[in-house]
Each structure stands twice: as C-alpha cells, then as structure tokens.
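Undergrad: Mind looking over this structure? Questions follow.
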Amino acid sequence: MAEAAAARPLTHRRVLKIALPIVLSNATVPLLGAVDTGVVGQMGQAAPIGAVGVGAIILTAIYWIFGFLRMGTTGLVSQAHGAGQTGEVAALLTRALLIAWTAGLAIILLQLPIFAAAFWMSPATSEVESLAREYMQIRVFSAPAAISIYGLTGWLIAQERAKSMFLIQFWMNGLNILLDLVFVLGLDWGVQGVAWATFLSEWSAFGLALYLCRGAFAVPAWRDWPRVFDGERLRHMMALNTNILIRSALLQLMFLSFVMLGADFGDTTLAANQVLLQFLYITAYGMDGFAFAAEALVGGYMGARDHLKMRRAALLSSFWGLMVGLVMTLFFAIAGGAIIDIMTTSEPVRAEARVFLFYMVLAPVSGVAAWMLDGIFIGATGGRDMRNMMLVSFAVYLIALAVLLPIFGNHGLWISLLISFVARGVTLGLRYPSLERRAMPAGVAGG
C-alpha cells in the first residue's frame, strides 16, 4: 500500500483530494457552535447560554493540550507509511490510543481540582458556574473518546484518507446537532441536554473512527507489545509531541496576550477585535485542508527518502494554500463590512471593527507561509525546528509590541500580530533546506 502511494502521480488533483474534504468538515464546526447556542437560547435566559459557552471553552482548552497527538501522529505515520513499515503504522495507532486513554482517564479522575482551578482563573456568576459544572460533569466522561479522535484522525490523514476524516467530523457534528434539537427543544433537558448530546456524539464518533481504522487491527503489530513500548520509538514520539506542545502553547499565549492587551483600549475596541478574530478562524478553516495535505504528502516522501518529490509536494500544497489566501484576502476586502454587520448589531462595534478591517485583508496572505510550513514541518516531524522558530517569532512579536503598542495603540497590536505571522513563515522557510537534506538517500546526503 505504501509503495502504491509513493508511486502514484503527485498532481494538483491528489492535493485537492486530501484538502477539500477537510475544508468541508471544518465548515461543520462553527455550525455546531451556533446550534448549541441557539437551542439553549430558546430557554429565554442568559445563564444557560453563558454556562454552555464557559463549559465548552474550559473542556476544549483542556482537550486542546493533547492536540499534539493529531499532529505528531500524522507526521510519524506518514513517514512510516512512506517507508513501507506496515507494522510500525499499526503500532503507532496503538501508542496514540494508549496516550489518549491515559490522558482521558486522568482528566476524569482529576475533574474536581481541574474544574475548581478553571473557575478560579475564569470566575463566573454562581448561577452560570452551577450550570456549567452540570454540563462539564456529563461531558468530561467522553474525554477518552474526544482525545482519541485526535490520534485516529491523525492516523487517517497520514494515509491520505481525508474522506474518512470528513465522515467522522460530519457524523459527530451532525449527530450532535440532531441530539441538541431532541434533548433540548424536544425533551426540555436544558444545559444537560446539550452535554448529553455532545457526550453521545463523541463516543459514537470514536466508534466510527475505530471502524475506519480497522485495517490496523488486521496487522499483528498493533498488539506487538515489545514494539509498541520500544524505548527508542517512544522517546522519539514523546520528544516530537513535547516540541509541538511547546510550539502550540506559545501560539495560544500570543493570542491570549493579544486579547488581554486589546481589553486595555475599552469594551468597544475589545469587542471589535473579537469580531475581527473570527476572520482569522475562517482563514484557518480554509487553510487547514491544504496544510493537512502537506503533512500527509511531505511525510510520505520523507519516509520514502525522496527529497525531490517531497519538494514538489511542499510546492503543490503551498500553491493551493496561497490561492486560498489570495481568495480570502479579496473576499474580506469586498465583503468584510457585510461580515462585520452579520456578526454584531452594535453600531459602535461595527464602526470600530471597520477601522481595523484592513489588517484582516492582509492576514491571509501574510500568514499563508506560516500555515503551510507548519504542515510541511509536521509531516517531516521537524518538531524541534517548529518549537525553536516559534520561540523566535514570539520574541519578535514581543519586541514589536514594545515598540508599536505605545505609539499606535490598537493598530500597533494588530501590526505586531501580523509581523509574528511573517516572522514564523520566514524563520521556518530558512529551516526548510534542512528537511530536504534529511529526506535525501544516505549516499546523496552524505555526498
């Protein structure tokens, strides 16, 4: 199977075959959030809406810590797949599931102190906190399933099975929406109904994902425990995942600091910034599919030690990423004002958001290199470079803030964020030749 994948023509069609199902599956994510909010909104009270929002944000943040499992699994599996190591492909799935279940069970056992710490850091009214706890105490029992899905989807993406990922995401979000309507509007279960809908949809999606990965369980190596617990392979996997975690934590810290610094300019500017950040999320949803394509293809050719095809895979996927960036830049330039009006009815917020809309027009093209190179480095398991270049980019962001924020205010905040995108793209780009050297056959690389 790996040889067949390596021998297949590397074309635009192949890139699109991976990317488009992922873009479509990403489109279901904001729809689910809207339905969750909409059904509890029918209760006619503010507290349930706030409770679902707070509870979902806390659990998503906790599960996000283990998001490295998706990226790390994709890189490792794509390389093993490209190298024809069928046994290692199966063993990697077992390792990912063991990590996910260990993490999920730990969250369940430690839920009381975790939730207490979360509400200490983000206090809410007593009514919202009480309802949020009800929501979280149900949903937390699907933690093993939710975290496992990171590893399972990473395993599927690595083998270019993007349609399977789309099916998992579509099933999970579609069932969640249906159960929201039944439990909340039909049975009047309120906030608990939203939680049960998510609990059941996550466990059912986990079962579907296992079924779609059933090929791994036909290979005896999936339960070859000496291989699964091989010290060198485990150390490599943990080092990669730790580097990705550090990189992702720095990225989240950057956005968190952006939001907190924006709050210093008043409620109207803070709200305008929040509206404009949605443009970035839309860009990420569109770009992810092509970054994922880069992960699978680059990783496969890295494993096959074919640096020329690896370069072509990086170029083809990045070409489509750039096309998406240009389209979004044009779209935001033409329709940005209308999108702002849809997102908020507050006239002061609308007016303030329009002042800074120009930065969202620039964001897709200024960030495309960072997004695509992230995918390329994930596929090549270049976790150390991702960590180091993120550290450099974060330092550039802090320096830009120190210089620009006192002079230009919120404009300086947005300019600093865009500069950090460019810095990440440039620094990763400078490290790209090292990936090609790693992908060369031993004799060529040595020469």
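Each chain of the structure tokens is named A, B, ... in the order shown, its residues numbered from 1; ligands are numbered from 1 in display order.
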Give me, as a tab-separated table, the closest atom pair and its distance (Å, one decimal) for every residue of segment 151-209 of chain A within a cut-off of 12 Å of segment 100-124 of chain A, counting only C-alpha atoms, rows sorted by chain and rising number.

TA:
residue	atom	partner	partner_atom	distance
A:Gly151	CA	A:Ala100	CA	7.5
A:Leu152	CA	A:Ala100	CA	9.9
A:Phe206	CA	A:Ala100	CA	11.6

Undergrad: Write the residues of the selection above to a file with N, CA and C atoms, as a PDB file, in the first residue's frame.

TA:
ATOM      1  N   GLY A 151      -5.824  11.312  17.732  1.00  0.00           N
ATOM      2  CA  GLY A 151      -4.893  10.319  17.210  1.00  0.00           C
ATOM      3  C   GLY A 151      -5.444   9.556  16.018  1.00  0.00           C
ATOM      4  N   LEU A 152      -6.711   9.201  16.076  1.00  0.00           N
ATOM      5  CA  LEU A 152      -7.330   8.438  14.992  1.00  0.00           C
ATOM      6  C   LEU A 152      -7.387   9.242  13.701  1.00  0.00           C
ATOM      7  N   PHE A 206     -16.020   8.181  18.042  1.00  0.00           N
ATOM      8  CA  PHE A 206     -14.870   7.348  18.389  1.00  0.00           C
ATOM      9  C   PHE A 206     -15.055   5.931  17.846  1.00  0.00           C
TER      10      PHE A 206
END

Undergrad: Taking a cut-off of 10 Å and counting only C-alpha atoms, can you build a table that, for each residue of segment 13-112 of chain A near segment 304-308 of chain A, reports the nearest atom pair and how far apart they are in Å (one decimal), sorted by chain then residue number, as JSON lines?

TA:
{"residue": "A:Ser78", "atom": "CA", "partner": "A:Ala304", "partner_atom": "CA", "distance": 9.7}
{"residue": "A:Gln79", "atom": "CA", "partner": "A:Ala304", "partner_atom": "CA", "distance": 7.3}
{"residue": "A:Ala80", "atom": "CA", "partner": "A:Ala304", "partner_atom": "CA", "distance": 8.5}
{"residue": "A:His81", "atom": "CA", "partner": "A:Ala304", "partner_atom": "CA", "distance": 8.4}
{"residue": "A:Gly82", "atom": "CA", "partner": "A:Ala304", "partner_atom": "CA", "distance": 4.8}
{"residue": "A:Ala83", "atom": "CA", "partner": "A:Ala304", "partner_atom": "CA", "distance": 4.6}
{"residue": "A:Gly84", "atom": "CA", "partner": "A:Ala304", "partner_atom": "CA", "distance": 7.8}

Undergrad: Do you know which residues are at most 6 Å from segment 272-274 of chain A counting only C-alpha atoms, after dropping those on the same chain fewer than 3 positions away, and could you put them as a list in words?

TA: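 Skipping anything fewer than 3 positions along the chain leaves Thr269, Leu277, Val349, Glu352 and Ala353 of chain A.
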
Undergrad: Would you save the residues of that selection, restricted to N, CA and C atoms, as a compact mmCIF listing (two decimals), in the first residue's frame?

TA:
# COMPACT_ATOMS: atom_id res chain seq x y z
N THR A 269 -13.45 48.54 21.58
CA THR A 269 -12.30 48.04 20.82
C THR A 269 -12.10 46.55 21.07
N LEU A 277 -11.19 38.72 14.94
CA LEU A 277 -10.50 37.45 15.12
C LEU A 277 -11.25 36.30 14.44
N VAL A 349 -19.47 49.09 17.72
CA VAL A 349 -18.54 47.98 17.46
C VAL A 349 -18.34 47.82 15.96
N GLU A 352 -15.97 50.55 14.83
CA GLU A 352 -14.60 50.30 15.30
C GLU A 352 -13.95 49.16 14.52
N ALA A 353 -14.71 48.10 14.27
CA ALA A 353 -14.17 46.96 13.53
C ALA A 353 -13.76 47.37 12.11

Undergrad: List the spatial neighbours of Ile378 of chain A as a PyMOL selection string - criterion: any atom at most 7 Å away, only C-alpha atoms, same-chain residues fewer than 6 positions off excluded.

TA: chain A and resi 71-72+75+295

Undergrad: Produce a file of the selected residues containing N, CA and C atoms, as a PDB file, in the first residue's frame.

TA:
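Contents of out37.pdb, freshly written:
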ATOM      1  N   MET A  71      -1.227  16.032  15.380  1.00  0.00           N
ATOM      2  CA  MET A  71      -0.124  16.450  14.512  1.00  0.00           C
ATOM      3  C   MET A  71       1.035  15.463  14.559  1.00  0.00           C
ATOM      4  N   GLY A  72       1.425  15.044  15.772  1.00  0.00           N
ATOM      5  CA  GLY A  72       2.539  14.117  15.895  1.00  0.00           C
ATOM      6  C   GLY A  72       2.256  12.784  15.242  1.00  0.00           C
ATOM      7  N   GLY A  75       2.552  13.042  11.356  1.00  0.00           N
ATOM      8  CA  GLY A  75       3.934  13.061  10.869  1.00  0.00           C
ATOM      9  C   GLY A  75       4.593  11.701  10.949  1.00  0.00           C
ATOM     10  N   GLU A 295       1.102  17.802   5.211  1.00  0.00           N
ATOM     11  CA  GLU A 295       1.546  16.860   6.237  1.00  0.00           C
ATOM     12  C   GLU A 295       1.631  15.436   5.673  1.00  0.00           C
TER      13      GLU A 295
END

Undergrad: So, with only C-alpha atoms as the atoms that count, which of A:Gln252, A:Asn241, A:Thr345, A:Gln159 lies closest to Val275 of chain A?

TA: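 Ranked by minimum distance to Val275 of chain A, first place goes to A:Thr345.
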
Undergrad: How many Å lie between atom CA of Leu24 of chain A and atom CA of Asn173 of chain A, rounded to one decimal?

TA: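 Answer for the atom CA of Leu24 of chain A to atom CA of Asn173 of chain A separation: 12.2 Å.
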
Undergrad: Which residues come within 9 Å of segment 12-14 of chain A, counting only C-alpha atoms, excluding same-chain residues fewer than 6 positions away, as number ranges by chain?

TA: A: 293, 316-317, 320

Undergrad: Convert the current residue selection to file output with C-alpha atoms, as a CSV table (one decimal), in the first residue's frame.

TA:
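Written output follows (result31.csv):
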chain,number,residue,atom,x,y,z
A,293,ALA,CA,-2.3,17.7,2.6
A,316,LEU,CA,1.9,21.9,-4.8
A,317,SER,CA,0.2,22.1,-1.4
A,320,TRP,CA,-3.2,25.9,-3.2

Undergrad: Which one of A:Leu93, A:Ala197, A:Val403, A:Arg8 sits closest to Arg214 of chain A if you count only C-alpha atoms?

TA: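 Closest to Arg214 of chain A, using only C-alpha atoms: A:Leu93.
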
Undergrad: Excluding Tyr285 of chain A and its own-chain neighbours fewer than 2 positions away, which residues fall within 9 Å of it when counting only C-alpha atoms? Please give them as a list in words.

TA: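 Final neighbour list, sorted by chain and number: Ile22, Val23, Leu24, Asn26, Ala27, Leu280, Tyr281, Ile282, Thr283, Met287, Asp288 and Gly289 of chain A.
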
Undergrad: Create the file for the chosen residues now, containing N, CA and C atoms and written as a PDB file, in the first residue's frame.

TA:
ATOM      1  N   ILE A  22     -11.399  17.985   4.064  1.00  0.00           N
ATOM      2  CA  ILE A  22     -11.058  18.572   5.361  1.00  0.00           C
ATOM      3  C   ILE A  22     -11.642  19.968   5.479  1.00  0.00           C
ATOM      4  N   VAL A  23     -11.578  20.747   4.390  1.00  0.00           N
ATOM      5  CA  VAL A  23     -12.191  22.083   4.394  1.00  0.00           C
ATOM      6  C   VAL A  23     -13.695  21.963   4.652  1.00  0.00           C
ATOM      7  N   LEU A  24     -14.340  21.002   4.004  1.00  0.00           N
ATOM      8  CA  LEU A  24     -15.783  20.798   4.196  1.00  0.00           C
ATOM      9  C   LEU A  24     -16.101  20.370   5.622  1.00  0.00           C
ATOM     10  N   ASN A  26     -14.367  21.064   8.272  1.00  0.00           N
ATOM     11  CA  ASN A  26     -14.161  22.228   9.140  1.00  0.00           C
ATOM     12  C   ASN A  26     -15.363  23.155   9.143  1.00  0.00           C
ATOM     13  N   ALA A  27     -16.087  23.184   8.025  1.00  0.00           N
ATOM     14  CA  ALA A  27     -17.254  24.071   7.927  1.00  0.00           C
ATOM     15  C   ALA A  27     -18.356  23.674   8.893  1.00  0.00           C
ATOM     16  N   LEU A 280      -9.811  35.473  11.218  1.00  0.00           N
ATOM     17  CA  LEU A 280      -8.638  34.596  11.286  1.00  0.00           C
ATOM     18  C   LEU A 280      -9.054  33.141  11.397  1.00  0.00           C
ATOM     19  N   TYR A 281     -10.104  32.870  12.180  1.00  0.00           N
ATOM     20  CA  TYR A 281     -10.564  31.495  12.329  1.00  0.00           C
ATOM     21  C   TYR A 281     -11.106  30.960  10.995  1.00  0.00           C
ATOM     22  N   ILE A 282     -11.820  31.833  10.275  1.00  0.00           N
ATOM     23  CA  ILE A 282     -12.322  31.433   8.949  1.00  0.00           C
ATOM     24  C   ILE A 282     -11.152  31.105   8.032  1.00  0.00           C
ATOM     25  N   THR A 283     -10.111  31.938   8.069  1.00  0.00           N
ATOM     26  CA  THR A 283      -8.916  31.692   7.252  1.00  0.00           C
ATOM     27  C   THR A 283      -8.280  30.358   7.621  1.00  0.00           C
ATOM     28  N   MET A 287      -7.526  27.145   5.268  1.00  0.00           N
ATOM     29  CA  MET A 287      -6.132  26.791   5.006  1.00  0.00           C
ATOM     30  C   MET A 287      -5.759  25.416   5.526  1.00  0.00           C
ATOM     31  N   ASP A 288      -6.470  24.949   6.572  1.00  0.00           N
ATOM     32  CA  ASP A 288      -6.111  23.691   7.221  1.00  0.00           C
ATOM     33  C   ASP A 288      -6.058  22.520   6.255  1.00  0.00           C
ATOM     34  N   GLY A 289      -7.018  22.460   5.327  1.00  0.00           N
ATOM     35  CA  GLY A 289      -7.063  21.331   4.416  1.00  0.00           C
ATOM     36  C   GLY A 289      -5.779  21.186   3.617  1.00  0.00           C
TER      37      GLY A 289
END

Undergrad: Which residue out of A:Ala158, A:Leu297, A:Leu250, A:Leu322 has the minimum interatomic distance to Leu398 of chain A when only C-alpha atoms are used?

TA: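 Closest residue, counting only C-alpha atoms: A:Leu250.
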
Undergrad: With only C-alpha atoms as the basis for distance, which of A:Ser393, A:Ala91, A:Phe68, A:Met386 is at the shortest distance from Phe217 of chain A?

TA: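 Checking each of A:Ser393, A:Ala91, A:Phe68, A:Met386 against Phe217 of chain A, counting only C-alpha atoms, the winner is A:Ala91.
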
Undergrad: Would you kindly return, as a short mmCIF file (atom, residue, chain, number, x, y, z; two decimals) with C-alpha atoms, in the first residue's frame, each protein, DNA or RNA residue with an atom no farther than 10 Å from any atom of Leu32 of chain A, considering only C-alpha atoms and excluding same-chain residues fewer than 6 positions away?

TA:
data_model
loop_
_atom_site.label_atom_id
_atom_site.label_comp_id
_atom_site.auth_asym_id
_atom_site.auth_seq_id
_atom_site.Cartn_x
_atom_site.Cartn_y
_atom_site.Cartn_z
CA GLY A 38 -29.30 28.64 19.57
CA MET A 172 -20.06 13.67 15.10
CA ASN A 173 -21.28 17.22 14.47
CA GLY A 174 -24.42 16.14 12.60
CA LEU A 175 -25.48 13.75 15.38
CA ASN A 176 -24.66 16.39 17.96
CA ILE A 177 -26.92 18.91 16.24
CA ASP A 180 -29.36 19.02 20.62
#
